[in-house]
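Engineer: This is my_file_1.txt, which holds compact mmCIF, C-alpha atoms:
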```txt
# COMPACT_ATOMS: atom_id res chain seq x y z
CA MET B 1 99.40 55.95 83.38
CA ASP B 2 98.19 52.82 81.68
CA CYS B 3 100.59 51.81 78.96
CA GLY B 4 101.12 48.24 80.15
CA THR B 5 98.40 47.13 77.76
CA CYS B 6 99.87 48.96 74.83
CA GLU B 7 99.54 45.82 72.74
CA THR B 8 95.79 46.40 72.80
CA ALA B 9 96.06 50.09 71.97
CA PRO B 10 96.05 50.98 68.29
CA VAL B 11 99.47 51.59 66.76
CA ILE B 12 99.07 54.51 64.41
CA GLN B 13 100.01 53.52 60.91
CA VAL B 14 102.49 56.02 59.57
CA HIS B 15 102.22 56.20 55.81
CA ALA B 16 105.66 55.84 54.29
CA PRO B 17 106.05 58.01 51.18
CA ASP B 18 106.62 56.24 47.88
CA VAL B 19 110.24 55.49 47.11
CA VAL B 20 111.37 57.19 43.91
CA ASP B 21 114.45 56.59 41.80
CA VAL B 22 116.56 59.58 42.69
CA GLU B 23 118.34 61.63 40.10
CA LEU B 24 120.77 64.26 41.32
CA THR B 25 123.44 66.40 39.78
CA LEU B 26 126.74 67.87 40.94
CA THR B 27 127.89 71.24 39.71
CA GLU B 28 131.47 71.67 38.46
CA LYS B 29 132.40 73.52 41.64
CA ALA B 30 130.93 70.80 43.87
CA THR B 31 132.73 68.15 41.83
CA ASP B 32 136.05 69.97 42.32
CA MET B 33 135.49 70.19 46.06
CA LEU B 34 134.57 66.50 46.30
CA GLU B 35 137.70 65.59 44.35
CA ASP B 36 139.71 67.56 46.90
CA ALA B 37 137.93 65.78 49.75
CA PHE B 38 138.07 62.23 48.38
CA GLY B 39 141.40 62.35 46.52
CA ASP B 40 142.02 59.11 44.66
CA ASP B 41 140.28 57.03 47.32
CA ARG B 42 136.80 56.25 46.06
CA SER B 43 136.05 53.56 48.65
CA HIS B 44 134.05 56.12 50.62
CA ALA B 45 130.73 57.56 49.59
CA LEU B 46 128.86 60.84 49.90
CA LEU B 47 125.72 60.26 51.96
CA VAL B 48 123.03 62.81 51.14
CA GLY B 49 120.30 62.53 53.76
CA VAL B 50 117.47 64.44 55.36
CA LEU B 51 116.81 64.84 59.07
CA SER B 52 113.61 66.07 60.67
CA GLY B 53 113.87 69.47 62.34
CA GLY B 54 115.35 72.79 61.42
CA CYS B 55 113.48 76.04 60.93
CA SER B 56 111.50 74.67 58.02
CA GLY B 57 110.88 71.09 59.07
CA TYR B 58 113.65 69.17 57.32
CA MET B 59 117.42 69.57 57.35
CA TYR B 60 119.96 68.35 54.83
CA ASP B 61 122.62 66.03 56.15
CA LEU B 62 125.81 65.50 54.11
CA GLN B 63 128.37 62.99 55.31
CA ILE B 64 131.31 61.12 53.88
CA VAL B 65 130.90 57.51 54.95
CA GLU B 66 132.46 54.17 54.19
CA SER B 67 129.15 52.39 54.56
CA THR B 68 125.82 52.82 56.32
CA GLU B 69 123.16 50.56 57.79
CA THR B 70 120.46 52.88 56.50
CA PRO B 71 118.72 51.44 53.42
CA CYS B 72 119.98 53.58 50.55
CA GLN B 73 119.95 53.99 46.82
CA GLU B 74 123.51 54.02 45.50
CA LEU B 75 124.29 56.28 42.57
CA ASN B 76 127.49 56.79 40.66
CA ILE B 77 127.87 60.40 39.67
CA LYS B 78 131.02 61.62 37.98
CA GLY B 79 132.89 58.70 39.54
CA PHE B 80 131.66 59.37 43.09
CA ARG B 81 129.54 56.94 45.08
CA VAL B 82 126.50 58.83 46.31
CA LEU B 83 124.11 57.26 48.83
CA VAL B 84 120.55 58.50 49.25
CA PRO B 85 118.39 56.98 52.03
CA THR B 86 115.27 55.45 50.49
CA ALA B 87 113.08 56.98 53.21
CA SER B 88 114.11 60.46 52.02
CA SER B 89 114.13 59.75 48.28
CA HIS B 90 110.88 61.65 47.65
CA LEU B 91 112.47 64.77 49.13
CA LEU B 92 115.76 64.55 47.28
CA ASP B 93 114.85 63.57 43.74
CA GLY B 94 116.08 66.18 41.29
CA ILE B 95 118.39 68.07 43.64
CA GLU B 96 121.53 69.83 42.50
CA ILE B 97 124.52 69.87 44.84
CA ASP B 98 126.52 73.04 44.46
CA TYR B 99 129.45 74.56 46.30
CA VAL B 100 129.38 78.22 47.26
CA ASP B 101 132.76 79.81 47.89
CA ARG B 102 132.31 82.73 50.25
CA LEU B 103 133.40 83.75 53.73
CA MET B 104 129.96 83.64 55.36
CA GLY B 105 127.48 80.88 54.58
CA GLY B 106 129.88 79.17 52.21
CA GLY B 107 130.11 75.43 51.63
CA PHE B 108 127.99 72.81 49.93
CA LYS B 109 124.56 74.09 48.98
CA ILE B 110 121.61 72.06 47.80
CA ASN B 111 119.18 73.41 45.26
CA ASN B 112 116.00 71.42 45.70
CA PRO B 113 113.07 71.67 43.27
CA ASN B 114 110.87 69.85 45.82
CA ALA B 115 111.35 72.53 48.47
CA SER B 116 108.54 75.04 48.81
CA ALA B 117 110.56 77.13 51.23
CA SER B 118 113.88 77.19 52.99
CA CYS B 119 115.29 79.00 55.98
CA GLY B 120 117.79 81.84 55.94
CA CYS B 121 120.85 79.68 56.43
CA GLY B 122 119.81 77.28 53.65
CA GLU B 123 120.24 74.16 55.79
CA SER B 124 116.54 73.64 56.33
CA PHE B 125 113.66 73.28 53.89
CA SER B 126 110.04 72.29 53.70
CA MET I 1 92.19 72.74 95.82
CA GLY I 2 91.01 70.63 92.89
CA MET I 3 91.36 69.13 89.42
CA VAL I 4 89.44 69.39 86.17
CA ARG I 5 89.23 66.94 83.28
CA HIS I 6 91.62 67.92 80.49
CA HIS I 7 90.33 67.18 76.98
CA ALA I 8 93.49 65.34 76.10
CA TYR I 9 94.94 62.74 73.82
CA THR I 10 97.87 60.61 74.91
CA LEU I 11 100.32 59.16 72.41
CA LEU I 12 103.10 56.76 73.32
CA LEU I 13 106.22 57.23 71.19
CA GLN I 14 108.54 54.26 71.04
CA GLY I 15 111.89 54.00 69.32
CA GLN I 16 115.29 55.62 69.33
CA ASP I 17 116.13 59.25 70.11
CA ILE I 18 112.51 60.20 70.77
CA LEU I 19 113.40 63.21 72.91
CA SER I 20 115.77 64.63 70.30
CA PHE I 21 113.12 64.01 67.62
CA ILE I 22 110.60 66.08 69.63
CA ASN I 23 113.29 68.63 70.49
CA GLY I 24 113.97 69.22 66.79
CA LEU I 25 110.32 70.02 66.12
CA SER I 26 109.25 72.12 69.09
CA THR I 27 110.04 75.35 70.93
CA ASN I 28 111.29 74.20 74.33
CA GLN I 29 114.52 72.43 75.24
CA VAL I 30 113.31 68.84 75.36
CA ASP I 31 115.72 66.65 77.31
CA GLY I 32 113.27 65.24 79.83
CA ALA I 33 109.81 65.91 81.18
CA CYS I 34 108.56 69.33 80.10
CA THR I 35 105.86 71.26 78.28
CA THR I 36 106.67 72.24 74.71
CA VAL I 37 104.93 73.81 71.74
CA PHE I 38 104.78 72.45 68.20
CA THR I 39 104.63 75.36 65.78
CA ASN I 40 104.36 75.65 62.01
CA ARG I 41 106.71 77.64 59.75
CA ALA I 42 104.82 80.82 60.53
CA ALA I 43 105.33 80.05 64.25
CA LYS I 44 101.59 79.58 64.75
CA ILE I 45 100.67 76.96 67.35
CA VAL I 46 100.01 73.40 66.19
CA ASP I 47 99.60 72.15 69.76
CA VAL I 48 101.01 72.55 73.25
CA CYS I 49 102.13 69.15 74.49
CA GLU I 50 103.41 67.54 77.64
CA VAL I 51 106.50 65.40 77.16
CA ILE I 52 106.63 62.65 79.77
CA PRO I 53 109.34 59.97 79.69
CA VAL I 54 107.83 56.58 80.60
CA GLY I 55 110.61 54.04 80.98
CA SER I 56 112.31 53.88 77.59
CA HIS I 57 109.27 55.40 75.86
CA VAL I 58 107.85 58.90 75.83
CA ALA I 59 104.23 59.92 76.33
CA LEU I 60 102.99 62.99 74.51
CA VAL I 61 99.87 64.55 75.97
CA GLY I 62 98.10 67.23 73.97
CA TYR I 63 94.72 68.80 73.33
CA GLU I 64 92.23 66.31 71.86
CA PRO I 65 90.99 68.47 68.93
CA SER I 66 94.60 68.86 67.74
CA LYS I 67 95.36 65.13 67.76
CA SER I 68 95.11 64.39 64.05
CA THR I 69 97.08 67.52 63.15
CA VAL I 70 99.87 66.61 65.55
CA ILE I 71 100.00 63.01 64.33
CA ALA I 72 100.32 64.23 60.73
CA HIS I 73 102.92 66.83 61.81
CA LEU I 74 105.06 64.12 63.44
CA ALA I 75 104.42 61.29 60.99
CA GLU I 76 105.63 63.13 57.91
CA ARG I 77 108.93 63.84 59.64
CA ILE I 78 109.73 60.36 60.89
CA LEU I 79 111.64 59.64 57.64
CA GLY I 80 112.62 56.05 58.18
CA GLN I 81 113.61 56.48 61.83
CA SER I 82 112.46 53.60 64.00
CA ILE I 83 109.73 55.54 65.78
CA SER I 84 106.22 54.25 66.30
CA LEU I 85 103.17 56.04 67.65
CA THR I 86 100.53 54.33 69.76
CA ASP I 87 97.30 56.01 70.76
CA ILE I 88 96.70 55.27 74.46
CA SER I 89 94.09 58.01 74.93
CA GLU I 90 91.34 55.47 75.60
CA LEU I 91 93.32 53.91 78.43
CA ASN I 92 93.81 57.03 80.52
CA ASP I 93 91.93 60.01 81.88
CA VAL I 94 93.86 63.25 82.14
CA PHE I 95 93.22 65.96 84.70
CA LEU I 96 94.77 69.36 85.44
CA GLY I 97 94.77 71.10 88.78
CA THR I 98 96.71 71.86 91.89
CA ASP I 99 99.33 69.54 93.35
CA ASP I 100 97.52 68.53 96.52
CA GLU I 101 94.89 66.18 95.13
CA SER I 102 94.64 62.56 96.20
CA CYS I 103 94.87 60.07 93.35
CA PRO I 104 95.38 56.33 92.73
CA GLU I 105 98.84 54.83 93.18
CA ASP I 106 99.35 54.18 89.48
CA THR I 107 98.73 57.82 88.56
CA THR I 108 101.43 59.59 86.59
CA LEU I 109 102.03 63.07 87.99
CA HIS I 110 103.59 65.69 85.78
CA GLN I 111 104.36 69.36 86.37
CA SER I 112 102.83 71.03 83.35
CA HIS I 113 102.85 74.67 82.31
CA PHE I 114 99.11 74.56 83.10
CA GLY I 115 99.49 73.14 86.60
CA THR I 116 99.82 69.63 87.95
CA MET I 117 98.76 67.01 85.43
CA TYR I 118 97.28 63.72 86.63
CA ILE I 119 97.20 60.83 84.16
CA ILE I 120 94.97 58.19 85.68
CA PRO I 121 94.10 54.78 84.16
CA VAL I 122 90.42 54.73 83.12
CA LYS I 123 89.75 51.64 85.24
CA HIS I 124 89.59 53.94 88.28
CA ARG I 125 86.72 55.94 86.76
CA TRP I 126 88.21 59.01 88.43
CA GLU I 127 86.09 62.14 88.59
CA ALA I 128 87.02 65.80 88.49
CA THR I 129 86.61 67.77 91.71
CA TRP I 130 86.44 71.12 89.94
CA THR I 131 83.76 72.40 87.63
CA GLU I 132 84.72 74.21 84.42
CA GLU I 133 83.89 77.48 86.24
CA ASP I 134 86.33 76.61 89.06
CA TRP I 135 89.02 75.94 86.48
CA THR I 136 88.25 79.17 84.65
CA GLU I 137 88.56 81.23 87.83
CA HIS I 138 91.79 79.44 88.75
CA ARG I 139 93.22 80.17 85.29
CA ILE I 140 92.28 83.83 85.43
CA ARG I 141 93.71 84.22 88.92
CA ASN I 142 97.01 82.65 87.88
CA LEU I 143 97.14 83.99 84.29
CA ILE I 144 97.13 80.51 82.74
CA PRO I 145 96.28 80.38 79.03
CA TYR I 146 94.28 77.42 77.76
CA HIS I 147 93.38 75.63 74.56
CA GLY I 148 90.50 77.02 72.59
CA HIS I 149 90.60 80.29 74.53
CA GLU I 150 93.99 81.98 74.37
CA ILE I 151 95.78 79.08 72.68
CA THR I 152 94.60 78.68 69.10
CA SER I 153 96.14 77.92 65.74
CA LYS I 154 95.94 81.64 64.91
CA VAL I 155 98.48 82.81 67.48
CA HIS I 156 102.14 82.24 68.19
CA PRO I 157 103.36 81.20 71.65
CA LEU I 158 104.82 84.58 72.62
CA ALA I 159 101.45 86.28 72.17
CA CYS I 160 99.41 84.01 74.42
CA GLY I 161 101.45 83.63 77.58
CA LEU I 162 103.63 80.74 76.47
CA GLY I 163 106.88 82.68 76.17
CA ASP I 164 108.42 80.55 78.94
CA LEU I 165 108.10 77.55 76.63
CA VAL I 166 110.13 79.19 73.87
CA HIS I 167 113.74 78.43 74.72
CA PRO I 168 115.95 81.39 73.80
CA GLN I 169 119.12 79.48 73.02
CA LYS I 170 118.24 76.11 71.55
CA GLY I 171 118.98 75.30 67.93
CA CYS I 172 116.65 75.32 64.98
CA TYR I 173 113.08 74.07 65.07
CA ILE I 174 110.08 74.79 62.91
CA GLY I 175 109.09 78.44 63.36
CA GLN I 176 112.28 79.36 65.23
CA GLU I 177 113.38 82.10 62.83
CA VAL I 178 110.06 83.91 63.22
CA LEU I 179 110.01 83.70 67.02
CA THR I 180 113.65 84.73 67.37
CA ARG I 181 113.10 87.72 65.11
CA MET I 182 110.06 88.80 67.16
CA ARG I 183 112.03 88.57 70.36
CA SER I 184 115.14 90.33 69.10
CA ARG I 185 113.09 93.17 67.65
CA GLY I 186 110.70 93.32 70.60
CA LYS I 187 107.70 92.86 68.34
CA GLN I 188 105.58 90.00 69.57
CA GLY I 189 102.31 91.78 68.78
CA HIS I 190 100.14 90.69 71.70
CA ARG I 191 100.50 89.58 75.29
CA LEU I 192 98.29 87.74 77.75
CA VAL I 193 96.78 90.03 80.39
CA LYS I 194 94.11 89.95 83.11
CA ARG I 195 91.60 92.80 83.23
CA SER I 196 88.57 93.66 85.36
CA ASN I 197 85.19 93.08 83.74
CA PRO I 198 83.72 94.10 81.43
CA VAL I 199 86.47 93.25 78.94
CA GLU I 200 86.04 93.74 75.24
CA LYS I 201 87.51 90.87 73.19
CA ALA I 202 88.03 88.69 76.27
CA THR I 203 89.34 85.21 75.53
CA THR I 204 88.28 83.84 78.93
CA VAL I 205 85.47 85.50 80.87
CA GLY I 206 85.35 85.11 84.65
CA ALA I 207 82.99 86.38 87.32
CA ASN I 208 84.93 89.59 88.01
CA GLU I 209 88.01 89.43 85.79
CA SER I 210 88.83 88.13 82.33
CA LEU I 211 91.82 87.15 80.24
CA MET I 212 92.57 88.73 76.90
CA LEU I 213 95.36 88.98 74.37
CA GLU I 214 96.20 92.65 74.45
CA ARG I 215 97.93 94.35 71.54
CA ILE I 216 101.30 95.77 72.63
CA GLN I 217 101.52 99.43 71.63
```
Here is a file; write its structure as structure tokens.
Structural biologist:
Amino acid sequence: MDCGTCETAPVIQVHAPDVVDVELTLTEKATDMLEDAFGDDRSHALLVGVLSGGCSGYMYDLQIVESTETPCQELNIKGFRVLVPTASSHLLDGIEIDYVDRLMGGGFKINNPNASASCGCGESFS
Amino acid sequence: MGMVRHHAYTLLLQGQDILSFINGLSTNQVDGACTTVFTNRAAKIVDVCEVIPVGSHVALVGYEPSKSTVIAHLAERILGQSISLTDISELNDVFLGTDDESCPEDTTLHQSHFGTMYIIPVKHRWEATWTEEDWTEHRIRNLIPYHGHEITSKVHPLACGLGDLVHPQKGCYIGQEVLTRMRSRGKQGHRLVKRSNPVEKATTVGANESLMLERIQ
């Protein structure tokens, strides 16, 4: 295979979506659960990201991090630091983070007005 | 035996975690060289691609008419990851055939679902040893589906003889829920079969036998 001359082959320009200023909301239940998780220590942040894959093409990725090397927008919501990667901002603007308390499929749940569909488990959307 | 020219595109993917990126978007377990299928949410085929690690990069070889669709499918899911795509289709000729063909030293050989794949730099001006008719008869004899015949954007992989490329136990990928449901309920709709001529609704017509996607009763 000839890939030694890759410099002469055209690199396909991948159009990066426009970065939008993200607005997101936390429900009362989600706020309570985050308060339990963070306690009084607010040095950490909630990273709300999107990964490619999943049944519908994109998967939510929630992490508690101290910092990240990923370029992010930093929001302060109800006293919590929330980080949203700029590359995913167009997919996450307007989301509501909720917490569902049930035995099966419980946990943080994201209601996304940008999603045209989501998979059965709710972790993936398109 | 022989080889036929494959109407292929070749993309070189460079960056981090390329195999896991492809794995998250396609039906097979992608942790090295393999054939895998990109599907949409309805589990219909976007393209069937060869995944070929090349040093620290990965070559993706697919069917030329699907190139722009696949690029769009991948590009919108890169999401800030450091992955770049380079089109090296013009630098290489791609052939499919049996594994006993002579070829230049700098050929990349790959065991594809369709047979042995030869990726040969264009400088060699390599020529096919099979005609399209030879390839058609070989496919019918060995029940090999092919692009534009059995493999189209209107079918899902289980219905056109690509069930081996749908890994039963891997995690989520686009279209996985649909394919898993079909398998668990035993309702894949159609299957690839070989029948003696004449065959109504044949997808590939040979001299004596043909391939078709037969509805499962």
Engineer: If we count all atoms listed in the file and set the cut-off at 7 Å, which residues sit around Cys160 in chain I, ignoring sequence neighbours fewer than 6 positions away in its own chain? Please answer as a list in words.
Structural biologist: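 So, after excluding close chain neighbours, the residues are Pro145, Glu150, Ile151, Arg191, Leu192 and Leu213 of chain I.
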Engineer: Contacts from chain B to chain I, 10 Å maximum, all atoms listed in the file: show me the residue list as a PyMOL selection string.
Structural biologist: chain B and resi 1-17+49-59+70-71+85-89+91+117-120+123-126
Engineer: Find the residues around Ala8 in chain I up to 7 Å (all atoms listed in the file counted), leave out those fewer than 4 positions away in its own chain, and share them as a PyMOL selection string.
Structural biologist: chain I and resi 61-64+94
Engineer: For a quick check of understanding, using all atoms listed in the file, which of B:Leu92, B:Ile77, B:Tyr99, B:Val20 has the smallest distance to Asp61 in chain B?
Structural biologist: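 Of B:Leu92, B:Ile77, B:Tyr99, B:Val20, the one nearest Asp61 in chain B, counting all atoms listed in the file, is B:Leu92.
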Engineer: List the spatial neighbours of Val51 in chain I as a PDB file with C-alpha atoms, keeping the file's coordinate frame - criterion: any atom at most 8 Å away, all atoms listed in the file, same-chain residues fewer than 3 positions off excluded.
Structural biologist:
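Output below, filename result-v9.pdb:
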```
ATOM      1  CA  VAL I  30     113.310  68.840  75.360  1.00  0.00           C
ATOM      2  CA  GLY I  32     113.270  65.240  79.830  1.00  0.00           C
ATOM      3  CA  ALA I  33     109.810  65.910  81.180  1.00  0.00           C
ATOM      4  CA  CYS I  34     108.560  69.330  80.100  1.00  0.00           C
ATOM      5  CA  THR I  35     105.860  71.260  78.280  1.00  0.00           C
ATOM      6  CA  THR I  36     106.670  72.240  74.710  1.00  0.00           C
ATOM      7  CA  VAL I  58     107.850  58.900  75.830  1.00  0.00           C
ATOM      8  CA  ALA I  59     104.230  59.920  76.330  1.00  0.00           C
ATOM      9  CA  LEU I  60     102.990  62.990  74.510  1.00  0.00           C
ATOM     10  CA  VAL I  61      99.870  64.550  75.970  1.00  0.00           C
TER      11      VAL I  61
END
```
Engineer: Any idea what the distance is between CA of Leu179 in chain I and CA of Leu162 in chain I?
Structural biologist: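 Separating CA of Leu179 in chain I from CA of Leu162 in chain I is a distance of 11.8 Å.
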Engineer: Hey, can you check how far CA of Val205 in chain I sits from CA of Trp135 in chain I?
Structural biologist: 11.6 Å
Engineer: Could you give me, as a ChimeraX atom specification, the residues within 12 Å of Val82 in chain B, counting all atoms listed in the file and dropping anything in the same chain fewer than 6 positions from it?
Structural biologist: /B:22-26,34,42-49,62-68,72-76,97
Engineer: State, in Å with one decimal place, the distance from CA of His90 in chain B to CA of Val19 in chain B.
Structural biologist: 6.2 Å
Engineer: Select, from B:Leu83, B:Glu69, B:Asp18, B:Lys29, the residue with the minimum atom-to-atom distance to Phe108 in chain B, counting only C-alpha atoms.
Structural biologist: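 Ranked by minimum distance to Phe108 in chain B, first place goes to B:Lys29.
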Engineer: Looking at I:Leu211, I:Leu165, I:Ile140, I:Val4, which one is nearest to Cys49 in chain I, with distances taken over all atoms listed in the file?
Structural biologist: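 Using all atoms listed in the file, the shortest distance to Cys49 in chain I belongs to I:Leu165.
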Engineer: Please produce range 93-126 of chain I, completed to N, CA and C atoms, as a PDB file, in the frame of the given file.
Structural biologist:
```pdb
ATOM      1  N   ASP I  93      92.593  58.725  81.714  1.00  0.00           N
ATOM      2  CA  ASP I  93      91.930  60.010  81.880  1.00  0.00           C
ATOM      3  C   ASP I  93      92.984  61.018  82.323  1.00  0.00           C
ATOM      4  N   VAL I  94      92.859  62.229  81.813  1.00  0.00           N
ATOM      5  CA  VAL I  94      93.860  63.250  82.140  1.00  0.00           C
ATOM      6  C   VAL I  94      93.161  64.413  82.831  1.00  0.00           C
ATOM      7  N   PHE I  95      93.771  64.854  83.924  1.00  0.00           N
ATOM      8  CA  PHE I  95      93.220  65.960  84.700  1.00  0.00           C
ATOM      9  C   PHE I  95      94.304  67.026  84.924  1.00  0.00           C
ATOM     10  N   LEU I  96      93.862  68.255  85.101  1.00  0.00           N
ATOM     11  CA  LEU I  96      94.770  69.360  85.440  1.00  0.00           C
ATOM     12  C   LEU I  96      94.277  70.009  86.719  1.00  0.00           C
ATOM     13  N   GLY I  97      95.212  70.442  87.560  1.00  0.00           N
ATOM     14  CA  GLY I  97      94.770  71.100  88.780  1.00  0.00           C
ATOM     15  C   GLY I  97      95.926  71.489  89.654  1.00  0.00           C
ATOM     16  N   THR I  98      95.664  71.513  90.937  1.00  0.00           N
ATOM     17  CA  THR I  98      96.710  71.860  91.890  1.00  0.00           C
ATOM     18  C   THR I  98      97.392  70.572  92.361  1.00  0.00           C
ATOM     19  N   ASP I  99      98.501  70.725  93.096  1.00  0.00           N
ATOM     20  CA  ASP I  99      99.330  69.540  93.350  1.00  0.00           C
ATOM     21  C   ASP I  99      98.982  68.804  94.642  1.00  0.00           C
ATOM     22  N   ASP I 100      97.824  69.123  95.225  1.00  0.00           N
ATOM     23  CA  ASP I 100      97.520  68.530  96.520  1.00  0.00           C
ATOM     24  C   ASP I 100      96.329  67.565  96.459  1.00  0.00           C
ATOM     25  N   GLU I 101      96.035  67.065  95.289  1.00  0.00           N
ATOM     26  CA  GLU I 101      94.890  66.180  95.130  1.00  0.00           C
ATOM     27  C   GLU I 101      95.285  64.725  95.394  1.00  0.00           C
ATOM     28  N   SER I 102      94.388  63.985  96.039  1.00  0.00           N
ATOM     29  CA  SER I 102      94.640  62.560  96.200  1.00  0.00           C
ATOM     30  C   SER I 102      94.352  61.871  94.868  1.00  0.00           C
ATOM     31  N   CYS I 103      95.050  60.775  94.622  1.00  0.00           N
ATOM     32  CA  CYS I 103      94.870  60.070  93.350  1.00  0.00           C
ATOM     33  C   CYS I 103      95.344  58.631  93.515  1.00  0.00           C
ATOM     34  N   PRO I 104      94.958  57.727  92.623  1.00  0.00           N
ATOM     35  CA  PRO I 104      95.380  56.330  92.730  1.00  0.00           C
ATOM     36  C   PRO I 104      96.897  56.193  92.642  1.00  0.00           C
ATOM     37  N   GLU I 105      97.399  55.058  93.133  1.00  0.00           N
ATOM     38  CA  GLU I 105      98.840  54.830  93.180  1.00  0.00           C
ATOM     39  C   GLU I 105      99.483  54.826  91.800  1.00  0.00           C
ATOM     40  N   ASP I 106      98.747  54.303  90.813  1.00  0.00           N
ATOM     41  CA  ASP I 106      99.350  54.180  89.480  1.00  0.00           C
ATOM     42  C   ASP I 106      99.116  55.421  88.616  1.00  0.00           C
ATOM     43  N   THR I 107      98.860  56.550  89.274  1.00  0.00           N
ATOM     44  CA  THR I 107      98.730  57.820  88.560  1.00  0.00           C
ATOM     45  C   THR I 107     100.107  58.340  88.166  1.00  0.00           C
ATOM     46  N   THR I 108     100.207  58.895  86.975  1.00  0.00           N
ATOM     47  CA  THR I 108     101.430  59.590  86.590  1.00  0.00           C
ATOM     48  C   THR I 108     101.220  61.072  86.855  1.00  0.00           C
ATOM     49  N   LEU I 109     102.099  61.634  87.685  1.00  0.00           N
ATOM     50  CA  LEU I 109     102.030  63.070  87.990  1.00  0.00           C
ATOM     51  C   LEU I 109     103.072  63.801  87.164  1.00  0.00           C
ATOM     52  N   HIS I 110     102.672  64.938  86.641  1.00  0.00           N
ATOM     53  CA  HIS I 110     103.590  65.690  85.780  1.00  0.00           C
ATOM     54  C   HIS I 110     103.382  67.170  86.031  1.00  0.00           C
ATOM     55  N   GLN I 111     104.479  67.916  86.187  1.00  0.00           N
ATOM     56  CA  GLN I 111     104.360  69.360  86.370  1.00  0.00           C
ATOM     57  C   GLN I 111     104.291  70.031  85.007  1.00  0.00           C
ATOM     58  N   SER I 112     103.092  70.428  84.652  1.00  0.00           N
ATOM     59  CA  SER I 112     102.830  71.030  83.350  1.00  0.00           C
ATOM     60  C   SER I 112     102.863  72.543  83.466  1.00  0.00           C
ATOM     61  N   HIS I 113     102.954  73.207  82.329  1.00  0.00           N
ATOM     62  CA  HIS I 113     102.850  74.670  82.310  1.00  0.00           C
ATOM     63  C   HIS I 113     101.472  75.118  82.818  1.00  0.00           C
ATOM     64  N   PHE I 114     100.487  74.229  82.720  1.00  0.00           N
ATOM     65  CA  PHE I 114      99.110  74.560  83.100  1.00  0.00           C
ATOM     66  C   PHE I 114      98.786  74.204  84.550  1.00  0.00           C
ATOM     67  N   GLY I 115      99.728  73.596  85.237  1.00  0.00           N
ATOM     68  CA  GLY I 115      99.490  73.140  86.600  1.00  0.00           C
ATOM     69  C   GLY I 115      99.924  71.692  86.734  1.00  0.00           C
ATOM     70  N   THR I 116      99.467  71.041  87.793  1.00  0.00           N
ATOM     71  CA  THR I 116      99.820  69.630  87.950  1.00  0.00           C
ATOM     72  C   THR I 116      98.915  68.779  87.069  1.00  0.00           C
ATOM     73  N   MET I 117      99.540  67.898  86.297  1.00  0.00           N
ATOM     74  CA  MET I 117      98.760  67.010  85.430  1.00  0.00           C
ATOM     75  C   MET I 117      98.709  65.628  86.063  1.00  0.00           C
ATOM     76  N   TYR I 118      97.494  65.067  86.093  1.00  0.00           N
ATOM     77  CA  TYR I 118      97.280  63.720  86.630  1.00  0.00           C
ATOM     78  C   TYR I 118      96.838  62.832  85.472  1.00  0.00           C
ATOM     79  N   ILE I 119      97.596  61.779  85.206  1.00  0.00           N
ATOM     80  CA  ILE I 119      97.200  60.830  84.160  1.00  0.00           C
ATOM     81  C   ILE I 119      96.812  59.538  84.869  1.00  0.00           C
ATOM     82  N   ILE I 120      95.531  59.251  84.838  1.00  0.00           N
ATOM     83  CA  ILE I 120      94.970  58.190  85.680  1.00  0.00           C
ATOM     84  C   ILE I 120      94.337  57.119  84.789  1.00  0.00           C
ATOM     85  N   PRO I 121      94.717  55.852  84.963  1.00  0.00           N
ATOM     86  CA  PRO I 121      94.100  54.780  84.160  1.00  0.00           C
ATOM     87  C   PRO I 121      92.566  54.822  84.269  1.00  0.00           C
ATOM     88  N   VAL I 122      91.887  54.591  83.152  1.00  0.00           N
ATOM     89  CA  VAL I 122      90.420  54.730  83.120  1.00  0.00           C
ATOM     90  C   VAL I 122      89.711  53.745  84.040  1.00  0.00           C
ATOM     91  N   LYS I 123      90.395  52.641  84.380  1.00  0.00           N
ATOM     92  CA  LYS I 123      89.750  51.640  85.240  1.00  0.00           C
ATOM     93  C   LYS I 123      89.317  52.230  86.582  1.00  0.00           C
ATOM     94  N   HIS I 124      89.942  53.323  86.994  1.00  0.00           N
ATOM     95  CA  HIS I 124      89.590  53.940  88.280  1.00  0.00           C
ATOM     96  C   HIS I 124      88.334  54.804  88.192  1.00  0.00           C
ATOM     97  N   ARG I 125      87.909  55.093  86.965  1.00  0.00           N
ATOM     98  CA  ARG I 125      86.720  55.940  86.760  1.00  0.00           C
ATOM     99  C   ARG I 125      86.806  57.208  87.627  1.00  0.00           C
ATOM    100  N   TRP I 126      87.958  57.850  87.583  1.00  0.00           N
ATOM    101  CA  TRP I 126      88.210  59.010  88.430  1.00  0.00           C
ATOM    102  C   TRP I 126      87.353  60.199  87.979  1.00  0.00           C
TER     103      TRP I 126
END
```
